[in-house]
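Shown here: input.csv, CSV, C-alpha atoms.
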chain,number,residue,atom,x,y,z
A,7,MET,CA,55.5,-86.2,88.7
A,8,THR,CA,53.7,-88.6,91.1
A,9,GLU,CA,54.7,-91.2,93.5
A,10,ARG,CA,54.1,-93.9,90.9
A,11,ASP,CA,56.7,-92.3,88.6
A,12,VAL,CA,59.5,-91.9,91.1
A,13,HIS,CA,60.9,-94.3,93.7
A,14,PRO,CA,60.3,-92.9,97.2
A,15,HIS,CA,64.1,-92.6,97.8
A,16,ASP,CA,64.4,-90.4,94.7
A,17,MET,CA,61.5,-88.2,95.6
A,18,PRO,CA,62.5,-84.6,96.4
A,19,HIS,CA,62.8,-84.2,100.2
A,20,ASP,CA,60.2,-82.0,101.7
A,21,PRO,CA,61.9,-79.8,104.4
A,22,LEU,CA,58.6,-79.6,106.3
A,23,ASP,CA,58.6,-83.4,106.8
A,24,SER,CA,62.0,-83.1,108.4
A,25,PHE,CA,60.7,-80.5,110.8
A,26,LEU,CA,57.7,-82.6,111.7
A,27,ASP,CA,59.9,-85.7,112.3
A,28,ASP,CA,62.1,-83.6,114.6
A,29,LEU,CA,59.1,-82.4,116.5
A,30,ARG,CA,57.9,-85.9,117.1
A,31,SER,CA,61.4,-87.0,118.2
A,32,ALA,CA,61.7,-84.0,120.6
A,33,ALA,CA,58.3,-84.9,122.1
A,34,ALA,CA,59.3,-88.5,122.4
A,35,ASP,CA,62.5,-87.6,124.1
A,36,THR,CA,60.7,-85.5,126.7
A,37,PRO,CA,61.5,-87.0,130.1
A,38,LEU,CA,58.7,-88.2,132.3
A,39,PRO,CA,57.8,-85.3,134.5
A,40,ALA,CA,58.7,-85.6,138.2
A,41,VAL,CA,55.8,-86.7,140.3
A,42,GLY,CA,54.8,-84.0,142.8
A,43,ASP,CA,53.9,-84.5,146.4
A,44,ALA,CA,50.2,-84.4,145.8
A,45,LEU,CA,50.3,-87.0,143.0
A,46,ALA,CA,52.8,-89.2,145.0
A,47,THR,CA,50.4,-89.3,147.9
A,48,LEU,CA,47.6,-90.1,145.6
A,49,PHE,CA,49.5,-93.0,144.0
A,50,ARG,CA,50.5,-94.3,147.4
A,51,GLU,CA,47.3,-93.9,149.4
A,52,GLY,CA,44.6,-93.6,146.8
A,53,ALA,CA,41.6,-91.5,147.1
A,54,ALA,CA,37.9,-91.6,148.0
A,55,PRO,CA,35.8,-93.3,145.3
A,56,ILE,CA,34.5,-91.0,142.6
A,57,ALA,CA,30.9,-91.1,141.5
A,58,SER,CA,30.3,-92.8,138.2
A,59,PRO,CA,29.2,-90.5,135.4
A,60,ALA,CA,26.2,-92.7,134.6
A,61,PRO,CA,23.7,-91.0,137.0
A,62,ARG,CA,24.9,-87.7,135.6
A,63,ALA,CA,23.9,-88.8,132.1
A,64,GLY,CA,20.5,-89.9,133.5
A,65,ARG,CA,20.0,-86.5,135.1
A,66,ARG,CA,20.9,-84.9,131.8
A,67,TRP,CA,18.3,-86.9,129.9
A,68,SER,CA,15.7,-86.2,132.6
A,69,LEU,CA,16.5,-82.5,132.3
A,70,ARG,CA,16.1,-82.7,128.6
A,71,GLY,CA,12.8,-84.5,129.0
A,72,ALA,CA,11.5,-81.9,131.4
A,73,VAL,CA,12.5,-79.1,129.0
A,74,ALA,CA,10.9,-80.9,126.0
A,75,GLY,CA,7.8,-81.6,128.0
A,76,ALA,CA,7.5,-77.9,129.1
A,77,VAL,CA,7.9,-76.7,125.5
A,78,ALA,CA,5.3,-79.2,124.2
A,79,GLY,CA,2.9,-78.2,127.0
A,80,VAL,CA,3.2,-74.5,126.2
A,81,ALA,CA,2.8,-75.2,122.5
A,82,LEU,CA,-0.2,-77.4,123.1
A,83,SER,CA,-1.8,-74.9,125.4
A,84,GLY,CA,-1.4,-72.1,122.9
A,85,LEU,CA,-2.9,-74.1,120.1
A,86,GLY,CA,-5.7,-75.3,122.4
A,87,ILE,CA,-6.5,-71.7,123.4
A,88,ALA,CA,-6.6,-70.7,119.8
A,89,GLY,CA,-8.7,-73.7,119.0
A,90,ALA,CA,-6.3,-74.6,116.3
A,91,LEU,CA,-5.7,-78.3,117.3
A,92,PRO,CA,-7.3,-81.2,115.4
A,93,ALA,CA,-10.8,-81.9,116.7
A,94,PRO,CA,-9.9,-85.1,118.7
A,95,VAL,CA,-6.8,-83.4,120.3
A,96,GLN,CA,-8.7,-80.2,120.9
A,97,HIS,CA,-11.4,-82.2,122.7
A,98,GLY,CA,-8.8,-84.0,124.8
A,99,VAL,CA,-7.1,-80.8,125.8
A,100,ALA,CA,-10.3,-79.1,126.5
A,101,THR,CA,-11.5,-82.0,128.7
A,102,VAL,CA,-8.2,-82.0,130.6
A,103,VAL,CA,-8.0,-78.3,131.3
A,104,HIS,CA,-11.7,-78.2,132.1
A,105,HIS,CA,-10.9,-80.0,135.3
A,106,VAL,CA,-8.7,-77.2,136.4
A,107,GLY,CA,-11.3,-74.6,135.6
A,108,VAL,CA,-10.1,-73.5,132.2
A,109,HIS,CA,-12.6,-73.6,129.4
A,110,LEU,CA,-11.3,-74.1,125.9
A,111,PRO,CA,-13.2,-74.5,122.7
A,112,ASP,CA,-14.4,-78.1,122.4
A,113,PRO,CA,-15.5,-79.1,119.0
A,114,GLU,CA,-17.6,-82.0,120.4
A,115,THR,CA,-19.7,-79.9,122.7
A,116,THR,CA,-19.8,-76.6,120.8
A,117,THR,CA,-23.0,-76.2,118.7
A,118,THR,CA,-22.6,-74.4,115.5
A,119,THR,CA,-24.9,-71.5,115.3
A,120,VAL,CA,-26.0,-70.7,111.8
A,121,PRO,CA,-26.6,-67.0,111.5
A,122,ALA,CA,-30.1,-66.0,110.6
A,123,PRO,CA,-30.4,-64.8,107.1
A,124,THR,CA,-30.5,-61.1,106.7
A,125,SER,CA,-33.4,-59.4,105.1
A,126,THR,CA,-33.4,-59.7,101.5
A,127,VAL,CA,-34.6,-57.3,99.0
A,128,PRO,CA,-37.7,-58.5,97.2
A,129,ALA,CA,-37.5,-59.2,93.6
A,130,ASN,CA,-40.2,-56.8,92.9
A,131,ARG,CA,-38.8,-53.9,94.8
A,132,PRO,CA,-41.1,-50.9,94.7
A,133,THR,CA,-39.7,-47.9,93.1
A,134,THR,CA,-40.8,-44.4,93.8
A,135,VAL,CA,-41.4,-42.4,90.7
A,136,PRO,CA,-41.7,-38.7,91.3
A,137,ARG,CA,-44.6,-37.0,89.7
A,138,PRO,CA,-43.9,-34.1,87.4
A,139,ALA,CA,-43.5,-30.7,88.8
A,140,GLY,CA,-46.6,-29.0,89.8
A,141,ASP,CA,-48.1,-32.2,91.0
A,142,ASP,CA,-47.6,-31.2,94.6
A,143,HIS,CA,-46.5,-33.7,97.2
A,144,THR,CA,-47.5,-36.6,95.1
A,145,THR,CA,-45.4,-39.4,94.0
A,146,THR,CA,-46.6,-42.6,92.5
A,147,THR,CA,-45.3,-45.8,94.0
A,148,VAL,CA,-45.3,-48.8,91.8
A,149,LYS,CA,-44.0,-52.3,92.7
A,150,GLY,CA,-41.8,-53.1,89.9
A,151,ASP,CA,-43.9,-53.6,86.9
A,152,GLU,CA,-46.9,-54.5,89.0
A,153,ARG,CA,-49.5,-52.1,90.0
A,154,HIS,CA,-51.2,-52.2,93.3
A,155,ASP,CA,-54.5,-53.5,92.2
A,156,ASP,CA,-54.8,-55.9,95.0
A,157,GLY,CA,-55.0,-53.2,97.6
A,158,VAL,CA,-52.2,-54.6,99.7
A,159,ASP,CA,-50.4,-52.2,101.9
A,160,ASN,CA,-46.8,-51.8,100.7
A,161,ASP,CA,-45.1,-50.1,103.4
A,162,HIS,CA,-41.4,-50.3,102.7
A,163,ARG,CA,-40.0,-49.1,105.9
A,164,GLY,CA,-36.6,-50.3,106.8
A,165,ARG,CA,-35.8,-51.9,103.6
A,166,SER,CA,-32.3,-52.1,102.4
A,167,GLY,CA,-30.5,-52.8,99.3
A,168,ASP,CA,-31.2,-49.7,97.3
A,169,HIS,CA,-27.7,-48.7,96.4
A,170,GLY,CA,-27.1,-45.2,95.5
A,171,SER,CA,-26.4,-41.8,96.8
A,172,THR,CA,-27.9,-40.6,99.9
A,173,SER,CA,-31.3,-39.1,99.3
A,174,THR,CA,-34.3,-38.3,101.1
A,175,SER,CA,-37.7,-38.5,99.6
A,176,THR,CA,-41.1,-37.9,101.0
A,177,THR,CA,-44.0,-39.8,99.7
A,178,SER,CA,-47.3,-38.5,100.5
A,179,THR,CA,-50.4,-40.6,100.1
A,180,SER,CA,-52.9,-38.3,101.3
A,181,THR,CA,-54.9,-37.2,98.4
A,182,GLU,CA,-53.8,-39.1,95.3
A,183,HIS,CA,-55.6,-42.4,95.7
A,184,ARG,CA,-58.4,-41.6,93.5
A,185,ASP,CA,-57.9,-44.7,91.6
A,186,GLY,CA,-58.2,-46.8,94.6
A,187,GLU,CA,-54.6,-48.2,94.4
A,188,GLY,CA,-53.1,-49.1,97.6
A,189,THR,CA,-49.8,-47.4,97.7
A,190,ASN,CA,-48.8,-46.6,101.2
A,191,GLY,CA,-51.5,-47.3,103.7
A,192,SER,CA,-54.7,-49.1,103.4
A,193,SER,CA,-56.3,-49.5,100.1
A,194,ASN,CA,-59.7,-48.4,98.9
A,195,ASP,CA,-59.3,-45.3,101.0
A,196,ASP,CA,-62.3,-43.2,100.6
A,197,HIS,CA,-60.5,-40.3,102.1
A,198,GLY,CA,-63.1,-40.1,104.8
A,199,GLY,CA,-61.8,-39.1,108.1
A,200,ARG,CA,-58.5,-40.8,107.7
A,201,ILE,CA,-55.5,-39.0,108.7
A,202,PRO,CA,-53.1,-38.9,105.8
A,203,THR,CA,-49.7,-40.2,106.5
A,204,SER,CA,-46.4,-39.6,104.9
A,205,THR,CA,-43.4,-41.8,104.8
A,206,THR,CA,-39.8,-40.5,104.9
A,207,VAL,CA,-37.3,-42.7,103.4
A,208,VAL,CA,-33.6,-42.1,104.1
A,209,ARG,CA,-31.0,-43.8,102.0
A,210,SER,CA,-27.5,-44.0,103.1
A,211,GLU,CA,-24.2,-44.5,101.2
A,212,ASP,CA,-24.1,-48.2,101.9
A,213,GLY,CA,-27.5,-48.7,100.5
A,214,SER,CA,-29.4,-49.1,103.7
A,215,GLN,CA,-32.8,-47.5,103.7
A,216,ALA,CA,-34.8,-46.3,106.6
A,217,ALA,CA,-38.3,-45.0,106.5
A,218,SER,CA,-40.6,-43.5,109.0
A,219,ARG,CA,-44.2,-43.0,108.9
A,220,HIS,CA,-45.8,-40.1,110.5
A,221,PRO,CA,-49.0,-38.2,110.2
A,222,ASN,CA,-48.9,-35.8,107.4
A,223,ARG,CA,-50.2,-32.5,108.7
A,224,GLY,CA,-51.9,-30.8,105.9
A,225,GLY,CA,-50.3,-32.9,103.3
A,226,GLN,CA,-47.0,-31.1,103.7
A,227,SER,CA,-43.9,-33.1,103.5
A,228,GLU,CA,-41.4,-32.6,106.1
B,123,MET,CA,55.6,-92.0,122.8
B,124,THR,CA,52.4,-93.1,124.5
B,125,ASP,CA,52.0,-96.2,126.6
B,126,ALA,CA,48.6,-97.1,125.4
B,127,LEU,CA,46.5,-99.0,127.9
B,128,GLY,CA,44.5,-100.8,125.3
B,129,GLU,CA,42.0,-103.3,126.5
B,130,SER,CA,42.9,-102.7,130.1
B,131,PHE,CA,41.8,-99.1,129.9
B,132,ALA,CA,38.3,-99.8,131.2
B,133,LEU,CA,39.7,-101.7,134.2
B,134,VAL,CA,42.2,-98.9,135.0
B,135,LEU,CA,39.5,-96.3,134.7
B,136,ASP,CA,37.2,-98.2,137.0
B,137,GLY,CA,40.1,-98.5,139.4
B,138,ALA,CA,40.7,-94.8,139.3
B,139,ARG,CA,37.1,-94.1,139.9
B,140,ALA,CA,37.2,-96.4,142.9
B,141,GLY,CA,40.1,-94.4,144.2
B,142,GLU,CA,42.8,-97.0,143.7
B,143,GLY,CA,46.3,-95.5,143.7
B,144,TRP,CA,47.7,-98.0,141.2
B,145,ALA,CA,45.1,-96.9,138.7
B,146,PHE,CA,46.1,-93.3,139.0
B,147,GLU,CA,49.7,-94.2,138.5
B,148,ARG,CA,48.9,-96.2,135.4
B,149,LEU,CA,47.0,-93.3,133.9
B,150,PHE,CA,49.8,-90.9,134.7
B,151,HIS,CA,52.5,-93.1,133.1
B,152,ALA,CA,50.4,-93.5,130.0
B,153,LEU,CA,50.0,-89.9,129.2
B,154,ALA,CA,52.4,-87.8,131.3
B,155,LYS,CA,55.1,-87.5,128.7
B,156,PRO,CA,53.0,-86.2,125.8
B,157,VAL,CA,51.2,-83.8,128.2
B,158,ALA,CA,54.5,-82.5,129.5
B,159,ALA,CA,55.8,-82.2,125.9
B,160,TYR,CA,52.7,-80.3,124.9
B,161,LEU,CA,53.1,-77.9,127.8
B,162,ARG,CA,56.8,-77.5,127.2
B,163,GLY,CA,56.3,-76.8,123.5
B,164,ALA,CA,53.5,-74.3,124.2
B,165,GLY,CA,55.7,-72.3,126.5
B,166,VAL,CA,54.6,-73.2,130.0
B,167,GLU,CA,57.2,-72.0,132.5
B,168,ASP,CA,57.1,-75.2,134.6
B,169,PRO,CA,56.0,-78.0,132.3
B,170,ASP,CA,56.5,-80.7,135.0
B,171,GLY,CA,54.5,-78.9,137.6
B,172,GLY,CA,51.9,-78.1,134.9
B,173,ALA,CA,51.7,-81.8,134.0
B,174,ASN,CA,51.1,-82.7,137.7
B,175,GLU,CA,48.4,-80.1,137.9
B,176,VAL,CA,46.7,-81.5,134.8
B,177,PHE,CA,46.5,-85.0,136.2
B,178,LEU,CA,45.3,-83.7,139.6
B,179,ARG,CA,42.5,-81.8,137.8
B,180,ALA,CA,41.6,-84.9,135.8
B,181,PHE,CA,41.6,-87.2,138.8
B,182,ARG,CA,39.3,-84.9,140.7
B,183,SER,CA,36.9,-84.7,137.7
B,184,LEU,CA,36.7,-88.3,136.7
B,185,ASP,CA,33.0,-88.3,137.3
B,186,ARG,CA,32.6,-86.0,134.3
B,187,PHE,CA,34.3,-88.3,131.9
B,188,ASP,CA,32.6,-91.1,130.0
B,189,GLY,CA,34.3,-92.8,127.0
B,190,ASN,CA,37.1,-94.9,125.7
B,191,GLU,CA,40.9,-94.4,125.8
B,192,ASP,CA,40.9,-92.1,122.7
B,193,ARG,CA,38.3,-89.9,124.3
B,194,PHE,CA,40.2,-89.9,127.6
B,195,ARG,CA,43.4,-88.8,125.8
B,196,SER,CA,41.5,-86.0,124.1
B,197,TRP,CA,39.9,-85.0,127.4
B,198,MET,CA,43.3,-84.9,129.1
B,199,PHE,CA,44.7,-82.5,126.5
B,200,THR,CA,41.6,-80.4,126.8
B,201,ILE,CA,42.5,-80.0,130.5
B,202,ALA,CA,46.1,-79.3,129.6
B,203,HIS,CA,45.0,-76.6,127.1
B,204,HIS,CA,42.8,-75.0,129.8
B,205,LEU,CA,45.8,-74.9,132.1
B,206,LEU,CA,47.9,-73.4,129.2
B,207,ILE,CA,45.2,-70.6,128.8
B,208,ASP,CA,45.4,-69.9,132.5
B,209,GLU,CA,49.2,-69.7,132.3
B,210,ARG,CA,49.0,-67.3,129.4
B,211,ARG,CA,46.5,-65.1,131.2
B,212,ARG,CA,48.7,-65.1,134.3
B,213,LEU,CA,51.7,-64.1,132.3
B,214,SER,CA,49.9,-61.4,130.4
B,215,ARG,CA,49.0,-59.7,133.7
B,216,ARG,CA,52.5,-60.0,135.1
B,217,PRO,CA,54.8,-57.1,134.1
B,218,ARG,CA,57.8,-58.2,132.2
B,219,PRO,CA,61.1,-57.3,133.8
B,220,VAL,CA,63.4,-55.1,131.8
B,221,PRO,CA,67.2,-55.1,132.5
B,222,LEU,CA,68.3,-51.6,133.5
B,223,ASP,CA,71.8,-51.9,132.0
B,224,ASP,CA,71.0,-53.6,128.8
B,225,THR,CA,68.1,-51.8,127.0
B,226,ASN,CA,69.4,-52.4,123.5
B,227,HIS,CA,68.3,-56.0,123.3
B,228,GLU,CA,65.9,-56.8,120.6
B,229,PRO,CA,62.3,-57.4,122.0
B,230,VAL,CA,61.4,-60.9,122.6
B,231,THR,CA,59.1,-62.0,119.7
B,232,ASP,CA,57.5,-64.8,121.7
B,233,ASP,CA,56.3,-64.0,125.2
B,234,SER,CA,56.6,-67.2,127.0
B,235,PHE,CA,57.9,-69.8,124.7
B,236,VAL,CA,60.0,-72.5,126.3
B,237,ALA,CA,61.5,-74.9,123.9
B,238,LEU,CA,61.3,-78.5,123.3
B,239,GLY,CA,64.7,-80.1,123.4
B,240,ASP,CA,65.6,-79.3,119.8
B,241,ASP,CA,66.9,-75.9,119.0
B,242,ARG,CA,65.7,-76.1,115.4
B,243,VAL,CA,62.2,-77.0,116.5
B,244,ARG,CA,62.2,-74.3,119.1
B,245,HIS,CA,63.4,-71.8,116.5
B,246,LEU,CA,60.7,-72.6,114.0
B,247,LEU,CA,57.8,-72.8,116.5
B,248,THR,CA,58.5,-69.3,117.6
B,249,HIS,CA,57.4,-68.1,114.2
B,250,LEU,CA,53.9,-69.5,114.7
B,251,ALA,CA,50.9,-67.6,116.2
B,252,PRO,CA,49.8,-69.2,119.5
B,253,ASP,CA,46.7,-70.8,118.1
B,254,GLN,CA,48.7,-72.2,115.2
B,255,ARG,CA,51.3,-73.6,117.5
B,256,ASP,CA,48.6,-75.2,119.7
B,257,VAL,CA,47.2,-76.9,116.6
B,258,VAL,CA,50.6,-78.2,115.5
B,259,LEU,CA,51.5,-79.5,119.0
B,260,LEU,CA,48.1,-81.2,119.5
B,261,ARG,CA,48.3,-82.8,116.1
B,262,ILE,CA,51.9,-83.8,116.1
B,263,VAL,CA,53.0,-84.1,119.8
B,264,ALA,CA,49.7,-85.2,121.3
B,265,ASP,CA,48.8,-87.2,118.1
B,266,LEU,CA,45.2,-86.0,118.2
B,267,SER,CA,42.8,-86.1,115.2
B,268,ILE,CA,41.4,-83.0,113.7
B,269,GLU,CA,38.1,-83.6,115.6
B,270,ASP,CA,39.8,-84.2,118.9
B,271,THR,CA,42.1,-81.2,118.4
B,272,ALA,CA,39.0,-79.1,117.7
B,273,ALA,CA,37.3,-80.4,120.8
B,274,ALA,CA,40.4,-79.7,122.9
B,275,LEU,CA,40.7,-76.1,121.6
B,276,GLY,CA,37.0,-75.4,121.6
B,277,LYS,CA,37.0,-74.7,117.9
B,278,ARG,CA,35.3,-76.2,114.8
B,279,PRO,CA,37.2,-78.8,112.8
B,280,GLY,CA,37.2,-76.5,109.8
B,281,ALA,CA,38.9,-73.8,111.9
B,282,VAL,CA,41.5,-76.3,113.0
B,283,LYS,CA,42.2,-77.3,109.4
B,284,ALA,CA,42.6,-73.7,108.4
B,285,LEU,CA,45.0,-73.0,111.3
B,286,GLN,CA,47.0,-76.1,110.5
B,287,HIS,CA,47.2,-75.1,106.8
B,288,ARG,CA,48.4,-71.6,107.7
B,289,ALA,CA,50.9,-73.1,110.2
B,290,MET,CA,52.4,-75.5,107.7
B,291,ARG,CA,52.6,-72.7,105.1
B,292,THR,CA,54.4,-70.5,107.6
B,293,LEU,CA,56.8,-73.2,108.6
B,294,ARG,CA,57.6,-74.2,105.0
B,295,ALA,CA,58.3,-70.6,104.1
B,296,ARG,CA,60.4,-70.1,107.2
B,297,ILE,CA,62.4,-73.3,106.5
B,298,GLU,CA,63.1,-72.3,102.9
B,299,GLU,CA,64.0,-68.8,104.0
B,300,ASP,CA,66.4,-69.8,106.7
B,301,GLY,CA,67.9,-72.6,104.6
B,302,ILE,CA,67.9,-74.8,107.5
B,303,GLU,CA,67.4,-77.9,105.6
B,304,GLU,CA,70.6,-77.4,103.6
B,305,GLU,CA,72.6,-77.2,106.7
B,306,GLY,CA,71.6,-80.7,107.7
B,307,VAL,CA,70.7,-79.7,111.2
B,308,SER,CA,68.1,-82.4,111.6
B,309,ARG,CA,69.3,-84.9,114.0

As structure tokens, the full file:
Amino acid sequence: MTERDVHPHDMPHDPLDSFLDDLRSAAADTPLPAVGDALATLFREGAAPIASPAPRAGRRWSLRGAVAGAVAGVALSGLGIAGALPAPVQHGVATVVHHVGVHLPDPETTTTTVPAPTSTVPANRPTTVPRPAGDDHTTTTVKGDERHDDGVDNDHRGRSGDHGSTSTSTTSTSTEHRDGEGTNGSSNDDHGGRIPTSTTVVRSEDGSQAASRHPNRGGQSE
Amino acid sequence: MTDALGESFALVLDGARAGEGWAFERLFHALAKPVAAYLRGAGVEDPDGGANEVFLRAFRSLDRFDGNEDRFRSWMFTIAHHLLIDERRRLSRRPRPVPLDDTNHEPVTDDSFVALGDDRVRHLLTHLAPDQRDVVLLRIVADLSIEDTAAALGKRPGAVKALQHRAMRTLRARIEEDGIEEEGVSR
């Protein structure tokens, strides 16, 4: 049943409406409160003028502006210190704070340093092939598939890139250069009066390789 | 119930800010009755004195107000509600006197309720919780909107709607239980 179906006078009476009507009537019948002495004096004599709220609103906005500016300044400084601002903004911030003695990264004055390339492993990395047992203190060093026919010294000290387990090998070049190949040291060694040298190669876990060359006393490896 | 100032409100408000006595009096006559009715219905011991205090507080704080007549009305009832809270706190700290020779009386269910003029209205309002009663009085007696009532009470509009809903449900159940409507007590 809706209001369209029934005339308002025939609608069932809501007891709550009656209560609310009574409440409104009771409030309307409330007498005007007696004016006390303080109010009576105020009505009769008035009071000092009261400041308008407009300046207060202005102060409120200025306070909000100050807080917003402080927050923006802190955020801008943080990003500027981190160098995370866009390049033009970063340049502006760096220029401004430079005047107060603070140096921030400036993309327009900072030169980019390209790191020097690290040593690379040659394509034809020499490999050390141990000689069979009984061939005392002698290993044959070959450079890839190329033999040292040119007599160039191939001293591989400090080379890296040989990945593998840590190992220490000693290569002696004291007596085995009968074929005139230059392995470690000068080529075409006629073994006359030259102090034989040996090279110690140390390989670490990360593949770096260090070598040292030292006189080989009596052809003994150390 | 309210003598609205209408278009003259801005002029009266400017006069009050200028300290003009006539402006204070106009504002008092415009809102004194509903303010006193609210305080009386909420149980303030001296509703007339309370209404005077509300207007004195308002006149001293006119520099904090900025808005139209509806906003001024809501602001006045906010001050009245703060005075009511002060009254309730004061009464809660004050020990209640107990008659020595008549200890078999039933305990008073409502601590400080002072009725409006109607006994039936007074009887029903006593069954509401204080916050529900505040909502009903501000909505019906002060004729405030949900939003203005929420602002006066310092609550969210949703909370005011919930309080009003519970108050209406309580009142309806109480009316049906008491059978007041069949007695034709309404005047």

Contacts of Arg193 of chain B at 12 Å (only C-alpha atoms; same-chain gap of 6+ positions) as a list in words:
Phe131, Phe187, Phe199, Thr200, Leu266, Ser267, Glu269, Asp270, Thr271, Ala273 and Ala274 of chain B

With only C-alpha atoms as the atoms that count, which of B:Glu175, B:Arg139, B:Arg242, B:Ala264 lies nearest to Leu153 of chain B?
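Selected residue with least distance to Leu153 of chain B: B:Ala264.
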
Among B:Thr248, B:Asn174, B:Ser130, B:Ser214, Ala44 of chain A is approached most closely, using only C-alpha atoms, by B:Asn174

Write out as a Markdown table the residues of chain A that have any atom within 7 Å of an atom of chain B, one row each with the nearest atom pair and its distance in Å to one decimal, counting only C-alpha atoms, sorted by chain and then rising number.
| residue | atom | partner | partner_atom | distance |
| --- | --- | --- | --- | --- |
| A:Pro21 | CA | B:Glu303 | CA | 5.9 |
| A:Leu22 | CA | B:Arg294 | CA | 5.6 |
| A:Ser24 | CA | B:Ser308 | CA | 6.9 |
| A:Phe25 | CA | B:Val243 | CA | 6.9 |
| A:Asp28 | CA | B:Ser308 | CA | 6.8 |
| A:Leu29 | CA | B:Val243 | CA | 6.2 |
| A:Arg30 | CA | B:Val263 | CA | 5.9 |
| A:Ala32 | CA | B:Gly239 | CA | 5.7 |
| A:Ala33 | CA | B:Ala159 | CA | 5.3 |
| A:Ala34 | CA | B:Met123 | CA | 5.1 |
| A:Thr36 | CA | B:Ala159 | CA | 6.0 |
| A:Pro37 | CA | B:Lys155 | CA | 6.6 |
| A:Leu38 | CA | B:Lys155 | CA | 5.1 |
| A:Pro39 | CA | B:Asp170 | CA | 4.8 |
| A:Ala40 | CA | B:Asp170 | CA | 6.3 |
| A:Val41 | CA | B:Asn174 | CA | 6.7 |
| A:Gly42 | CA | B:Asn174 | CA | 6.4 |
| A:Leu45 | CA | B:Asn174 | CA | 6.9 |
| A:Leu48 | CA | B:Gly143 | CA | 5.9 |
| A:Phe49 | CA | B:Gly143 | CA | 4.1 |
| A:Arg50 | CA | B:Gly143 | CA | 5.7 |
| A:Glu51 | CA | B:Gly143 | CA | 6.0 |
| A:Gly52 | CA | B:Gly143 | CA | 4.0 |
| A:Ala53 | CA | B:Gly141 | CA | 4.4 |
| A:Ala54 | CA | B:Gly141 | CA | 5.2 |
| A:Pro55 | CA | B:Ala140 | CA | 4.2 |
| A:Ile56 | CA | B:Arg139 | CA | 4.9 |
| A:Ala57 | CA | B:Asp185 | CA | 5.5 |
| A:Ser58 | CA | B:Asp185 | CA | 5.3 |
| A:Pro59 | CA | B:Asp185 | CA | 4.8 |

In Å, rounded to a single decimal, give me how far atom CA of Val134 of chain B is from atom CA of Ala180 of chain B.
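Between atom CA of Ala180 of chain B and atom CA of Val134 of chain B the gap is 14.0 Å.
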
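Going from atom CA of Ile87 of chain A to atom CA of Leu69 of chain A covers 26.9 Å.
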
Within 9 Å of His203 of chain B, counting all atoms listed in the file, which residues show up once you throw out same-chain ones fewer than 5 positions away? Write them as a PDB file with C-alpha atoms, keeping the file's coordinate frame, please.
ATOM      1  CA  TYR B 160      52.700 -80.300 124.900  1.00  0.00           C
ATOM      2  CA  LEU B 161      53.100 -77.900 127.800  1.00  0.00           C
ATOM      3  CA  MET B 198      43.300 -84.900 129.100  1.00  0.00           C
ATOM      4  CA  ASP B 208      45.400 -69.900 132.500  1.00  0.00           C
ATOM      5  CA  ASP B 256      48.600 -75.200 119.700  1.00  0.00           C
ATOM      6  CA  ALA B 274      40.400 -79.700 122.900  1.00  0.00           C
ATOM      7  CA  LEU B 275      40.700 -76.100 121.600  1.00  0.00           C
TER       8      LEU B 275
END

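Atom to atom, atom CA of Leu285 of chain B and atom CA of Arg261 of chain B stand 11.4 Å apart.
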
List every protein, DNA or RNA residue with an atom no more than 12 Å from (42.1, -100.4, 123.2) in the file's coordinates, counting all atoms listed in the file, and format the result as a list in words.
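Here is the list of nearby residues: Asp125, Ala126, Leu127, Gly128, Glu129, Ser130, Phe131, Ala132, Leu133, Val134, Gly189, Asn190, Glu191, Asp192, Arg193, Phe194 and Arg195 of chain B.
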
Starting from the incomplete input, reconstruct N, CA and C atoms of segment 153-161 of chain B and report them as a short mmCIF file (atom, residue, chain, number, x, y, z; two decimals), keeping the file's coordinate frame.
data_model
loop_
_atom_site.label_atom_id
_atom_site.label_comp_id
_atom_site.auth_asym_id
_atom_site.auth_seq_id
_atom_site.Cartn_x
_atom_site.Cartn_y
_atom_site.Cartn_z
N LEU B 153 50.16 -91.13 129.96
CA LEU B 153 50.00 -89.90 129.20
C LEU B 153 50.85 -88.72 129.75
N ALA B 154 51.66 -88.93 130.74
CA ALA B 154 52.40 -87.80 131.30
C ALA B 154 53.42 -87.23 130.34
N LYS B 155 54.08 -88.07 129.59
CA LYS B 155 55.10 -87.50 128.70
C LYS B 155 54.52 -86.65 127.57
N PRO B 156 53.50 -87.09 126.83
CA PRO B 156 53.00 -86.20 125.80
C PRO B 156 52.34 -84.92 126.42
N VAL B 157 51.76 -85.05 127.60
CA VAL B 157 51.20 -83.80 128.20
C VAL B 157 52.29 -82.86 128.57
N ALA B 158 53.37 -83.37 129.14
CA ALA B 158 54.50 -82.50 129.50
C ALA B 158 55.12 -81.89 128.22
N ALA B 159 55.22 -82.71 127.15
CA ALA B 159 55.80 -82.20 125.90
C ALA B 159 54.91 -81.11 125.31
N TYR B 160 53.63 -81.29 125.38
CA TYR B 160 52.70 -80.30 124.90
C TYR B 160 52.88 -78.96 125.66
N LEU B 161 52.92 -79.09 126.98
CA LEU B 161 53.10 -77.90 127.80
C LEU B 161 54.41 -77.21 127.58
#
